[in-house]
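J.: Attaching a single structure in structure tokens format; questions to follow.
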Amino acid sequence: MSDSKMIDALSNRSGWVGPWTLLKKELLRFWRVSFQTVAAPVITALLYLLIFSHVLDKHVQVYDGVAYTEFLIPGLIMMSVLQNAFANSSSSLIQSKVMGNIVFVLLTPLTHLQFFMAFLIAAVIRGLVVGLCIYLVAMWFVDLTVANPWMIIAFGLLGSALLGTFGIIAGIWADRFDQMAAFQNFIIMPLSFLSGVFYSIHSLPPFWQKISHLNPFFYMIDGFRYGFFGKGDVSPVLSLLIVGASFLVLALITLKMLKSGYKLRS
């Protein structure tokens, strides 16, 4: 191999070193405190499952032939996936900004796309790990059927990617921990609880059904649940299109913010 070809090969190879190192750093960041980042949300979901299933299992039936506990589990899984994907990217960025070590990432020759992909993949992995752990624990309580595994995979990946992207936006915008807490408490948490995790929107009055259709979390929860039961409140194709389009819009906004250095380089 000529010297020029060898240099080109080394350059192409080195182009993966930066993003892989940042991704590895983000994965290790949440895995080293897995009791807090993985075990805690699993325990929280388990408590929701125990309380709501004990109180409502024999009194509420949303779908024919589906017990309330079975109905509840996919919603809890997806809610936890979304919340933890958001928490991973947003907390990492705000911590780096407040502590001042974000500069060491910005000084590297990483492109804005590589920066975005490293944070996004780490957020998706944390969300999916939490969701998988909840599913494994829930199997002790009920044997969940799977009607369409591809829908489960599609909504799991797209949903965690959407919230991971939103977490990057929140982390870039926020300057203090209290601003980040406002995102979690006033946006993520209400949208999660009002997305049909614990109920079907068809049990709501017509006005609130229409309001629920404005909540993007509803489409992620409903589409994910469809993968288990083959039943949902809206068409899974419509849900997939809405979630996919929302991710694309947020991804473009995030890349524009990263490219301009908004609140990162100033």
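Each chain in the structure tokens gets a letter, A, B, ..., in the order shown, and its residues are numbered from 1; ligands are numbered from 1 in order too.
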Excluding segment 214-219 of chain A and any residue of its chain fewer than 5 positions from it, enumerate the residues within 12 Å of it, using only C-alpha atoms, and give them as a PyMOL selection string.
T.: chain A and resi 75+78-83+155-156+158-160+162-163+187-201+207-209+224-226+232-247
J.: Could you give me the residues within segment 34-219 of chain A that DSSP places in helix (DSSP H, G or I), as a VMD selection string?
T.: chain A and resid 34 to 56 68 to 99 102 to 106 112 to 138 149 to 173 177 to 193 201 to 203 206 to 212 216 to 219
J.: Ranking A:Met99, A:Ala170, A:Leu113, A:Leu50 by minimum distance to Lys259 of chain A and counting only C-alpha atoms, which one comes first?
T.: A:Leu113
J.: Counting only C-alpha atoms, what is within 6 Å of segment 144-153 of chain A, bar same-chain residues fewer than 4 positions away, as a CSV table (one decimal) with N, CA and C atoms, in the first residue's frame?
T.:
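Output contents, as saved in around-v5.csv:
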```csv
chain,number,residue,atom,x,y,z
A,224,PHE,N,-46.6,1.4,20.7
A,224,PHE,CA,-45.9,0.4,21.4
A,224,PHE,C,-46.8,-0.7,22.0
A,227,GLY,N,-48.1,-3.3,19.5
A,227,GLY,CA,-47.1,-4.4,19.2
A,227,GLY,C,-47.4,-5.6,20.1
A,228,PHE,N,-47.9,-5.4,21.3
A,228,PHE,CA,-48.2,-6.5,22.2
A,228,PHE,C,-49.6,-7.1,21.9
A,229,PHE,N,-50.6,-6.3,21.7
A,229,PHE,CA,-51.9,-6.8,21.6
A,229,PHE,C,-52.6,-6.8,20.3
A,230,GLY,N,-52.0,-6.1,19.3
A,230,GLY,CA,-52.6,-5.9,18.0
A,230,GLY,C,-53.8,-5.0,18.1
```
J.: What does the distance from atom CA of Arg126 of chain A to atom CA of Leu264 of chain A come to in Å, to one decimal?
T.: 24.1 Å
J.: Find, counting only C-alpha atoms, the residue in A:Leu106, A:Leu49, A:Val66, A:Val130 that gets nearest to Phe35 of chain A.
T.: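 Among the listed residues, the smallest separation from Phe35 of chain A belongs to A:Val130.
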J.: Pick out the closest residue to Phe116 of chain A from this set: A:Pro205, A:Gly131, A:Pro19, A:Gly223. Count only C-alpha atoms.
T.: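 The closest residue to Phe116 of chain A is A:Pro19.
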J.: Which is closer to Trp31 of chain A than all the others in A:Asn101, A:Leu47, A:Ala122, A:Trp16, using only C-alpha atoms?
T.: A:Ala122
J.: Quick one, how far is atom CA of Val129 of chain A from atom CA of Ile221 of chain A?
T.: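 Computing the Euclidean distance for atom CA of Val129 of chain A and atom CA of Ile221 of chain A yields 17.2 Å.
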